[in-house]
Each structure stands twice: as C-alpha cells, then as structure tokens.
Amino acid sequence: MRGVVVRRAREDDLAAIAGIEEATFSEAWSPETFASLLGRDEVVVVVAVEGGVVIGYGVAVIGEGEAELANLAVSSARRGRGAGEALLSRVLDHLRESGVGRVYLAVRSSNTRAAELYRRFGFREIGRHGSYYAEPREDALVLAVELES
Ligand SMILES: CC(C)(COP(=O)(O)OP(=O)(O)OC[C@H]1O[C@@H](n2cnc3c(N)ncnc32)[C@H](O)[C@@H]1OP(=O)(O)O)[C@@H](O)C(=O)NCCC(=O)NCCS
C-alpha cells in the first residue's frame, strides 16, 4: 500500500493504538494492556503508519514454536486499502523468522472481511468455540496456518 510503513510499535504509539482499539472492539483491550505488551520478547506489536499517523496495528504472542495472532485492527476510515494485509504480512514474516511453525487465531464467526483476509494468507478453520465472545454473544472460528521456514 503506497505511503504506508509498517514497523515495530513504540511507547509513543500507544495512545493512537488504544484509540483505534476503543473505536473498533466492544470488548476493547485497555491502554495498560498494550503498554504491558511492548518490550516483551515473546510479543510482536507492529503498527501501520501513514503520513506520520498510526492507522492500524497487529499483535502476536509467541510460545513453544506456535504463535497466536491476538489482535489486528485498522482505523475504520482507512480500511480496504491494504493496511491490514501489510500488517498481517509483516507479523507473519516476523513469526517465521522467529522459528514459529504454526499460527492460530480466533475471529467472530460473522467477521467475514477479516476471515477472508486470513484465508488469503493460508489460514484454515480448525475449530469453533461456542459463545466465545460477548457484546454481542457469538461463536469464534479458530483458524490456523502452518508457516514454511
Ligand atoms: C480486518 C481488518 C484489520 C482488515 O484491514 P484492512 O486494512 O481493511 O485490510 P485490507 O485492505 O488489507 O484487506 C481487506 C479486504 O477487505 C475488503 N474490503 C473492501 N472494501 C473494504 C472496506 N471499505 N473496508 C474494509 N475492507 C474492505 C477487500 O476485499 C480487501 O481485500 P482486497 O485487497 O482483495 O480488496 C479491518 O477490516 C479491521 O480493522 N476490522 C475491524 C477489526 C477486526 O475485525 N479485526 C480482526 C479481528 S480477528
């Protein structure tokens, strides 16, 4: 995506990240949660920046050769122009370089837009958690991809 840079997140990105999170999710992570993730070796936090403004972020947590894509969002006005794809691509590259073989994630069953993006990156459905989400109550699809080293 032209004009968008994806890089590791820094402390001074936290307010923008938390703002997008709050506007995007009914059960939003707190600013303190994001702050606690920065600087942890097993956590990857990346941001997409356009014109100096943070427009999206992705978070993955690594453990024992596997990783969970724990969060991904792009601010609503900037969606549909490739930022989500750029973020996901960068996170998966980082995980591959870190020796991760398998990545999984949970997504609301109604979130076809996000699921489509994940499927394009090779994610496949491996299960479903009943009533996993609240506000509104909804199943989670569990998706996973094997990364080639
Ligand atoms: C899922 C999400 C991160 C994708 O980010 P994005 O920047 O819109 O993603 P991209 O532009 O790279 O790809 C989105 C795809 O959605 C479709 N799309 C089309 N118009 C769109 C629009 N106005 N808004 C969003 N997506 C659109 C396109 O099919 C696009 O794929 P394409 O490249 O084949 O055209 C973003 O929609 C988002 O933040 N959603 C809310 C939070 C969320 O659901 N996160 C995932 C939780 S598991």
# chains A, B, ... in the order shown; residues from 1 in each chain; ligands from 1
>>> residues_near_ligand(ligand="ligand 1", cutoff="9 Å", atoms="only C-alpha atoms and all ligand atoms", output="number ranges by chain")
A: 1, 20-21, 24-25, 55-58, 69-88, 105-108, 111-118, 120
>>> select_by_dssp(residues="chain A", states="helix (DSSP H, G or I)", output="count of residues only")
48
>>> residues_around(residues="A:Ser98", least_positions_apart="3", cutoff="12 Å", atoms="only C-alpha atoms", output="MDAnalysis selection string")
chainID A and resid 41:44 60:67 91:95 101:103 147:149
>>> atom_distance(atom1="atom CA of A:Val45", atom2="atom CA of A:Arg124")
23.1 Å
>>> atom_distance(atom1="atom CA of A:Ile126", atom2="atom CA of A:Arg96")
20.3 Å
>>> select_by_dssp(residues="chain A", states="strand (DSSP E or B)", output="compact mmCIF listing (two decimals) with N, CA and C atoms, in the first residue's frame")
# COMPACT_ATOMS: atom_id res chain seq x y z
N VAL A 4 2.27 3.74 3.12
CA VAL A 4 2.12 3.13 4.44
C VAL A 4 3.38 2.37 4.82
N VAL A 5 3.87 2.66 6.01
CA VAL A 5 5.04 1.97 6.54
C VAL A 5 4.59 1.10 7.71
N VAL A 6 5.06 -0.14 7.73
CA VAL A 6 4.78 -1.00 8.89
C VAL A 6 6.07 -1.16 9.67
N ARG A 7 6.01 -0.90 10.96
CA ARG A 7 7.21 -1.01 11.81
C ARG A 7 6.82 -1.48 13.19
N ARG A 8 7.83 -1.86 14.00
CA ARG A 8 7.56 -2.26 15.38
C ARG A 8 6.98 -1.06 16.14
N VAL A 43 6.38 -11.13 22.48
CA VAL A 43 5.24 -10.43 21.89
C VAL A 43 5.70 -9.54 20.74
N VAL A 44 5.02 -9.64 19.62
CA VAL A 44 5.29 -8.80 18.46
C VAL A 44 4.16 -7.78 18.34
N VAL A 45 4.48 -6.51 18.41
CA VAL A 45 3.47 -5.48 18.17
C VAL A 45 3.97 -4.61 17.03
N VAL A 46 3.20 -4.54 15.94
CA VAL A 46 3.58 -3.70 14.81
C VAL A 46 2.49 -2.68 14.56
N VAL A 47 2.89 -1.56 13.96
CA VAL A 47 1.91 -0.53 13.59
C VAL A 47 2.06 -0.21 12.11
N ALA A 48 0.94 0.19 11.49
CA ALA A 48 0.96 0.74 10.14
C ALA A 48 0.86 2.25 10.30
N VAL A 49 1.76 2.97 9.64
CA VAL A 49 1.83 4.43 9.78
C VAL A 49 1.69 5.05 8.38
N GLU A 50 0.80 6.01 8.29
CA GLU A 50 0.61 6.72 7.02
C GLU A 50 0.67 8.22 7.30
N VAL A 53 0.86 9.18 10.86
CA VAL A 53 -0.27 8.82 11.74
C VAL A 53 -0.40 7.30 11.81
N VAL A 54 -0.55 6.78 13.03
CA VAL A 54 -0.78 5.35 13.20
C VAL A 54 -2.21 5.04 12.76
N ILE A 55 -2.35 4.14 11.75
CA ILE A 55 -3.69 3.82 11.23
C ILE A 55 -4.09 2.37 11.52
N GLY A 56 -3.18 1.59 12.12
CA GLY A 56 -3.54 0.22 12.45
C GLY A 56 -2.41 -0.47 13.19
N TYR A 57 -2.72 -1.67 13.69
CA TYR A 57 -1.72 -2.40 14.48
C TYR A 57 -2.04 -3.88 14.46
N GLY A 58 -1.02 -4.66 14.76
CA GLY A 58 -1.19 -6.10 14.89
C GLY A 58 -0.37 -6.58 16.08
N VAL A 59 -0.89 -7.60 16.77
CA VAL A 59 -0.22 -8.15 17.95
C VAL A 59 -0.18 -9.67 17.84
N ALA A 60 1.00 -10.25 18.03
CA ALA A 60 1.12 -11.72 18.10
C ALA A 60 1.92 -12.10 19.33
N VAL A 61 1.56 -13.24 19.90
CA VAL A 61 2.23 -13.75 21.10
C VAL A 61 2.83 -15.12 20.77
N ILE A 62 4.12 -15.28 21.01
CA ILE A 62 4.84 -16.49 20.64
C ILE A 62 5.03 -17.39 21.85
N GLY A 63 4.86 -18.70 21.61
CA GLY A 63 5.17 -19.66 22.67
C GLY A 63 5.40 -21.04 22.09
N GLU A 66 4.77 -22.10 18.47
CA GLU A 66 3.48 -21.66 17.94
C GLU A 66 3.29 -20.20 18.29
N ALA A 67 2.34 -19.57 17.63
CA ALA A 67 2.03 -18.19 18.00
C ALA A 67 0.54 -17.95 17.82
N GLU A 68 0.03 -17.00 18.57
CA GLU A 68 -1.35 -16.58 18.41
C GLU A 68 -1.37 -15.16 17.86
N LEU A 69 -2.11 -14.96 16.79
CA LEU A 69 -2.37 -13.60 16.34
C LEU A 69 -3.47 -13.08 17.25
N ALA A 70 -3.10 -12.21 18.18
CA ALA A 70 -4.01 -11.87 19.27
C ALA A 70 -4.85 -10.63 18.97
N ASN A 71 -4.40 -9.80 18.03
CA ASN A 71 -5.14 -8.58 17.73
C ASN A 71 -4.70 -8.04 16.38
N LEU A 72 -5.65 -7.49 15.65
CA LEU A 72 -5.36 -6.84 14.36
C LEU A 72 -6.48 -5.85 14.10
N ALA A 73 -6.14 -4.61 13.83
CA ALA A 73 -7.18 -3.63 13.51
C ALA A 73 -6.59 -2.48 12.70
N VAL A 74 -7.46 -1.93 11.86
CA VAL A 74 -7.13 -0.74 11.08
C VAL A 74 -8.24 0.27 11.36
N ARG A 102 3.55 -22.60 13.45
CA ARG A 102 2.10 -22.61 13.32
C ARG A 102 1.53 -21.38 14.01
N VAL A 103 0.60 -20.74 13.34
CA VAL A 103 -0.05 -19.54 13.90
C VAL A 103 -1.54 -19.79 13.94
N TYR A 104 -2.16 -19.44 15.05
CA TYR A 104 -3.61 -19.59 15.12
C TYR A 104 -4.24 -18.30 15.61
N LEU A 105 -5.53 -18.21 15.44
CA LEU A 105 -6.26 -17.00 15.87
C LEU A 105 -7.73 -17.34 16.02
N ALA A 106 -8.43 -16.48 16.71
CA ALA A 106 -9.89 -16.60 16.84
C ALA A 106 -10.52 -15.37 16.21
N VAL A 107 -11.61 -15.60 15.49
CA VAL A 107 -12.30 -14.48 14.84
C VAL A 107 -13.80 -14.70 14.99
N ARG A 108 -14.53 -13.62 15.18
CA ARG A 108 -16.00 -13.73 15.28
C ARG A 108 -16.54 -14.40 14.02
N ARG A 124 -6.74 -21.67 7.74
CA ARG A 124 -7.87 -22.56 7.53
C ARG A 124 -8.56 -22.80 8.87
N GLU A 125 -9.87 -23.04 8.79
CA GLU A 125 -10.63 -23.24 10.02
C GLU A 125 -10.27 -24.59 10.64
N ILE A 126 -9.94 -24.56 11.94
CA ILE A 126 -9.62 -25.82 12.63
C ILE A 126 -10.59 -26.11 13.77
N GLY A 127 -11.47 -25.16 14.03
CA GLY A 127 -12.42 -25.41 15.10
C GLY A 127 -13.29 -24.20 15.36
N ARG A 128 -14.12 -24.34 16.38
CA ARG A 128 -15.08 -23.29 16.71
C ARG A 128 -15.30 -23.30 18.21
N HIS A 129 -15.29 -22.12 18.85
CA HIS A 129 -15.62 -22.03 20.27
C HIS A 129 -17.02 -21.45 20.37
N GLY A 130 -17.94 -22.20 20.98
CA GLY A 130 -19.30 -21.72 21.12
C GLY A 130 -19.39 -20.54 22.08
N SER A 131 -20.15 -19.51 21.69
CA SER A 131 -20.39 -18.32 22.54
C SER A 131 -19.11 -17.78 23.17
N TYR A 132 -18.08 -17.68 22.41
CA TYR A 132 -16.77 -17.26 22.90
C TYR A 132 -16.73 -15.76 23.20
N TYR A 133 -17.45 -15.01 22.37
CA TYR A 133 -17.44 -13.55 22.51
C TYR A 133 -18.70 -13.06 23.19
N GLU A 138 -21.36 -14.47 20.57
CA GLU A 138 -21.14 -15.04 19.24
C GLU A 138 -20.05 -16.10 19.30
N ASP A 139 -20.12 -17.08 18.39
CA ASP A 139 -19.08 -18.10 18.30
C ASP A 139 -17.79 -17.49 17.75
N ALA A 140 -16.68 -18.14 18.09
CA ALA A 140 -15.39 -17.82 17.46
C ALA A 140 -15.03 -18.94 16.51
N LEU A 141 -14.56 -18.57 15.32
CA LEU A 141 -13.91 -19.54 14.45
C LEU A 141 -12.44 -19.54 14.83
N VAL A 142 -11.87 -20.73 14.96
CA VAL A 142 -10.43 -20.83 15.23
C VAL A 142 -9.76 -21.18 13.90
N LEU A 143 -8.85 -20.33 13.49
CA LEU A 143 -8.13 -20.51 12.22
C LEU A 143 -6.66 -20.75 12.51
N ALA A 144 -6.00 -21.50 11.62
CA ALA A 144 -4.57 -21.75 11.80
C ALA A 144 -3.88 -21.83 10.45
N VAL A 145 -2.61 -21.50 10.44
CA VAL A 145 -1.78 -21.64 9.24
C VAL A 145 -0.43 -22.23 9.65
N GLU A 146 0.10 -23.10 8.79
CA GLU A 146 1.45 -23.62 9.00
C GLU A 146 2.40 -22.70 8.23
>>> atom_distance(atom1="atom CA of A:Ala18", atom2="atom CA of A:Arg137")
23.0 Å
>>> decode(residues="stretch 22-63 of chain A", atoms="N, CA and C atoms", output="short mmCIF file (atom, residue, chain, number, x, y, z; two decimals), in the first residue's frame")
data_model
loop_
_atom_site.label_atom_id
_atom_site.label_comp_id
_atom_site.auth_asym_id
_atom_site.auth_seq_id
_atom_site.Cartn_x
_atom_site.Cartn_y
_atom_site.Cartn_z
N GLU A 22 -10.30 1.14 20.97
CA GLU A 22 -11.53 1.56 21.65
C GLU A 22 -12.66 1.76 20.64
N ALA A 23 -12.32 2.33 19.48
CA ALA A 23 -13.33 2.62 18.45
C ALA A 23 -13.75 1.36 17.70
N THR A 24 -12.93 0.30 17.78
CA THR A 24 -13.16 -0.88 16.95
C THR A 24 -13.88 -2.00 17.66
N PHE A 25 -13.50 -2.29 18.92
CA PHE A 25 -13.97 -3.50 19.59
C PHE A 25 -14.87 -3.19 20.78
N SER A 26 -15.96 -3.96 20.91
CA SER A 26 -16.86 -3.76 22.04
C SER A 26 -16.19 -4.19 23.35
N GLU A 27 -15.30 -5.17 23.27
CA GLU A 27 -14.54 -5.59 24.46
C GLU A 27 -13.08 -5.19 24.25
N ALA A 28 -12.82 -3.91 24.30
CA ALA A 28 -11.50 -3.38 23.93
C ALA A 28 -10.45 -3.69 24.99
N TRP A 29 -9.22 -3.94 24.53
CA TRP A 29 -8.09 -4.02 25.45
C TRP A 29 -7.82 -2.62 26.00
N SER A 30 -7.37 -2.58 27.24
CA SER A 30 -7.08 -1.28 27.85
C SER A 30 -5.72 -0.76 27.37
N PRO A 31 -5.50 0.56 27.49
CA PRO A 31 -4.18 1.11 27.15
C PRO A 31 -3.09 0.43 27.97
N GLU A 32 -3.39 0.06 29.23
CA GLU A 32 -2.40 -0.59 30.10
C GLU A 32 -2.00 -1.96 29.54
N THR A 33 -2.97 -2.65 28.96
CA THR A 33 -2.65 -3.95 28.35
C THR A 33 -1.64 -3.77 27.23
N PHE A 34 -1.91 -2.82 26.34
CA PHE A 34 -0.96 -2.59 25.24
C PHE A 34 0.41 -2.19 25.80
N ALA A 35 0.41 -1.33 26.81
CA ALA A 35 1.69 -0.87 27.39
C ALA A 35 2.47 -2.06 27.94
N SER A 36 1.77 -3.00 28.55
CA SER A 36 2.45 -4.14 29.16
C SER A 36 3.02 -5.09 28.11
N LEU A 37 2.49 -5.04 26.89
CA LEU A 37 2.96 -5.95 25.84
C LEU A 37 4.25 -5.47 25.17
N LEU A 38 4.41 -4.14 25.13
CA LEU A 38 5.61 -3.60 24.49
C LEU A 38 6.83 -4.00 25.30
N GLY A 39 7.88 -4.41 24.62
CA GLY A 39 9.11 -4.72 25.32
C GLY A 39 9.19 -6.14 25.81
N ARG A 40 8.11 -6.93 25.61
CA ARG A 40 8.20 -8.36 25.97
C ARG A 40 8.73 -9.14 24.77
N ASP A 41 9.75 -9.96 25.00
CA ASP A 41 10.43 -10.66 23.91
C ASP A 41 9.49 -11.55 23.11
N GLU A 42 8.51 -12.14 23.80
CA GLU A 42 7.65 -13.11 23.11
C GLU A 42 6.43 -12.45 22.46
N VAL A 43 6.38 -11.13 22.48
CA VAL A 43 5.24 -10.43 21.89
C VAL A 43 5.70 -9.54 20.74
N VAL A 44 5.02 -9.64 19.62
CA VAL A 44 5.29 -8.80 18.46
C VAL A 44 4.16 -7.78 18.34
N VAL A 45 4.48 -6.51 18.41
CA VAL A 45 3.47 -5.48 18.17
C VAL A 45 3.97 -4.61 17.03
N VAL A 46 3.20 -4.54 15.94
CA VAL A 46 3.58 -3.70 14.81
C VAL A 46 2.49 -2.68 14.56
N VAL A 47 2.89 -1.56 13.96
CA VAL A 47 1.91 -0.53 13.59
C VAL A 47 2.06 -0.21 12.11
N ALA A 48 0.94 0.19 11.49
CA ALA A 48 0.96 0.74 10.14
C ALA A 48 0.86 2.25 10.30
N VAL A 49 1.76 2.97 9.64
CA VAL A 49 1.83 4.43 9.78
C VAL A 49 1.69 5.05 8.38
N GLU A 50 0.80 6.01 8.29
CA GLU A 50 0.61 6.72 7.02
C GLU A 50 0.67 8.22 7.30
N GLY A 51 1.58 8.90 6.65
CA GLY A 51 1.72 10.34 6.86
C GLY A 51 1.98 10.68 8.32
N GLY A 52 2.73 9.83 8.99
CA GLY A 52 3.07 10.08 10.39
C GLY A 52 1.98 9.68 11.38
N VAL A 53 0.86 9.18 10.86
CA VAL A 53 -0.27 8.82 11.74
C VAL A 53 -0.40 7.30 11.81
N VAL A 54 -0.55 6.78 13.03
CA VAL A 54 -0.78 5.35 13.20
C VAL A 54 -2.21 5.04 12.76
N ILE A 55 -2.35 4.14 11.75
CA ILE A 55 -3.69 3.82 11.23
C ILE A 55 -4.09 2.37 11.52
N GLY A 56 -3.18 1.59 12.12
CA GLY A 56 -3.54 0.22 12.45
C GLY A 56 -2.41 -0.47 13.19
N TYR A 57 -2.72 -1.67 13.69
CA TYR A 57 -1.72 -2.40 14.48
C TYR A 57 -2.04 -3.88 14.46
N GLY A 58 -1.02 -4.66 14.76
CA GLY A 58 -1.19 -6.10 14.89
C GLY A 58 -0.37 -6.58 16.08
N VAL A 59 -0.89 -7.60 16.77
CA VAL A 59 -0.22 -8.15 17.95
C VAL A 59 -0.18 -9.67 17.84
N ALA A 60 1.00 -10.25 18.03
CA ALA A 60 1.12 -11.72 18.10
C ALA A 60 1.92 -12.10 19.33
N VAL A 61 1.56 -13.24 19.90
CA VAL A 61 2.23 -13.75 21.10
C VAL A 61 2.83 -15.12 20.77
N ILE A 62 4.12 -15.28 21.01
CA ILE A 62 4.84 -16.49 20.64
C ILE A 62 5.03 -17.39 21.85
N GLY A 63 4.86 -18.70 21.61
CA GLY A 63 5.17 -19.66 22.67
C GLY A 63 5.40 -21.04 22.09
#
